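Trainee: Here it is, the structure in full.
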Amino acid sequence: ADTIATTKGPPPTMFDANQLIIFISVVALLLIVPGPAVILTLARSISGGARAGVATGAGIAIGDMLHTLAAVIGLSAVLMTSSLAYEVVRYLGAAYLIYLGIVALLERTQDLDVPSIPPIAPVRAFRQAVIIEILNPKTALFFLAFLPQFTDPTRGAIWLQLLILGTIFVVMSFAFTSLLALCAARISKWIGRHSSIGRWQGKFIGGIYIALGLQLAFQERR
């Protein structure tokens, strides 16, 4: 008897290449815009030197990693409830990103300023940065809204996808803040000469959030 040979295609990779590129690009854009983490790192670097600045960046990264782990645990539990519930979470996340974008666009921003703060030891700067980042509810909500948008249940374990994406975010953030710490004096002077960019900061970030939220809300789901 003749047999019909069947071939199976290769299993899907964990991440779609285009989505991963979009994720890395968006993270890079969010990092280069002077936000609270950037300003805190610069202030610590100027007052306490590069070591204090790097320690601050490391503390922020640890705080973000803990937010990632919280998102992994919480969102994995949602997926175990039902795939529909997870899709609802993703759409709510997209809606939240759009909301953040609208708020950022409407918010009246002022000139950027790197505050003068007293110098502290690197260890203390690290501890303070961890606590500040962990206790920031906006960061927690951002991770819950942002990370799930780049996951796909058909491409492998959701918890592992979330963990990888969060780790990429944290590594990029720490690399960027470390570079800031090493170049703090020059960057601070540049901000001082171009402090008016703060007026456009909210509009830039708002545009990113809205564009990302709309793209994620209306893209075709597999």
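As shown in the structure tokens, the chain order sets the letters A, B, ...; within each chain, residues go from 1, and ligands are also counted from 1 in the order they appear.
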Could you pull out the helix (DSSP H, G or I) residues of segment 67-164 of chain A from DSSP and send them as a VMD selection string?

Mentor: chain A and resid 67 to 81 83 to 106 122 to 134 137 to 150 153 to 155 158 to 164

Trainee: So which residues touch segment 71-84 of chain A within 8 Å, counting only C-alpha atoms, skipping near sequence neighbours fewer than 4 positions away, as an MDAnalysis selection string?

Mentor: chainID A and resid 67 88 140 143:144 158:159 162:163

Trainee: Could you pull the residues within 12 Å of Ile32 of chain A, counting only C-alpha atoms, minus those fewer than 5 positions along the same chain, as a PyMOL selection string?

Mentor: chain A and resi 25-27+37-39+172-173+175-177+179-180+187+201+204-205

Trainee: List as JSON, numbers by chain the protein and nucleic acid residues near Met14 of chain A, meaning an atom at most 8 Å away when only C-alpha atoms are counted, but skip any in the same chain fewer than 6 places from it.

Mentor: {"A": [155, 156, 161]}

Trainee: I need the residue nearest Ser178 of chain A from this list: A:Ala43, A:Val54, A:Leu141, A:Leu29. Use only C-alpha atoms for the distance.

Mentor: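 Nearest candidate to Ser178 of chain A out of A:Ala43, A:Val54, A:Leu141, A:Leu29: A:Val54.
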
Trainee: Hey, can you check how far atom CA of Asp152 of chain A sits from atom CA of Leu20 of chain A?

Mentor: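 Computing it gives 11.7 Å between the two atoms.
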
Trainee: Using atom CA of Gly213 of chain A and atom CA of Phe174 of chain A as the two end points, give the distance in Å to one decimal.

Mentor: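 For atom CA of Gly213 of chain A relative to atom CA of Phe174 of chain A, the distance reads 25.1 Å.
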
Trainee: Quick one: which segment 147-177 of chain A residues come within 12 Å of segment 94-100 of chain A, and what is the nearest atom pair for each with the distance in Å to one decimal, counting only C-alpha atoms, rows ordered by chain and ascending number, as JSON lines?

Mentor:
```
{"residue": "A:Leu147", "atom": "CA", "partner": "A:Ala94", "partner_atom": "CA", "distance": 10.4}
{"residue": "A:Pro148", "atom": "CA", "partner": "A:Ala94", "partner_atom": "CA", "distance": 9.3}
{"residue": "A:Gln149", "atom": "CA", "partner": "A:Ala94", "partner_atom": "CA", "distance": 7.4}
{"residue": "A:Phe150", "atom": "CA", "partner": "A:Ala94", "partner_atom": "CA", "distance": 11.0}
```

Trainee: Take the residues that were just selected and, keeping N, CA and C atoms, output them as a PDB file, in the first residue's frame.

Mentor:
```
ATOM      1  N   LEU A 147       4.334  44.606  28.505  1.00  0.00           N
ATOM      2  CA  LEU A 147       4.947  43.327  28.156  1.00  0.00           C
ATOM      3  C   LEU A 147       4.003  42.362  27.441  1.00  0.00           C
ATOM      4  N   PRO A 148       2.741  42.216  27.879  1.00  0.00           N
ATOM      5  CA  PRO A 148       1.871  41.222  27.223  1.00  0.00           C
ATOM      6  C   PRO A 148       1.604  41.500  25.748  1.00  0.00           C
ATOM      7  N   GLN A 149       1.781  42.749  25.321  1.00  0.00           N
ATOM      8  CA  GLN A 149       1.475  43.087  23.940  1.00  0.00           C
ATOM      9  C   GLN A 149       2.409  42.402  22.945  1.00  0.00           C
ATOM     10  N   PHE A 150       3.540  41.919  23.418  1.00  0.00           N
ATOM     11  CA  PHE A 150       4.527  41.319  22.532  1.00  0.00           C
ATOM     12  C   PHE A 150       4.634  39.811  22.730  1.00  0.00           C
TER      13      PHE A 150
END
```

Trainee: One decimal, Å: what's the distance from atom CA of Ala129 of chain A over to atom CA of Lys189 of chain A, could you say?

Mentor: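 Calculated distance between atom CA of Ala129 of chain A and atom CA of Lys189 of chain A is 23.3 Å.
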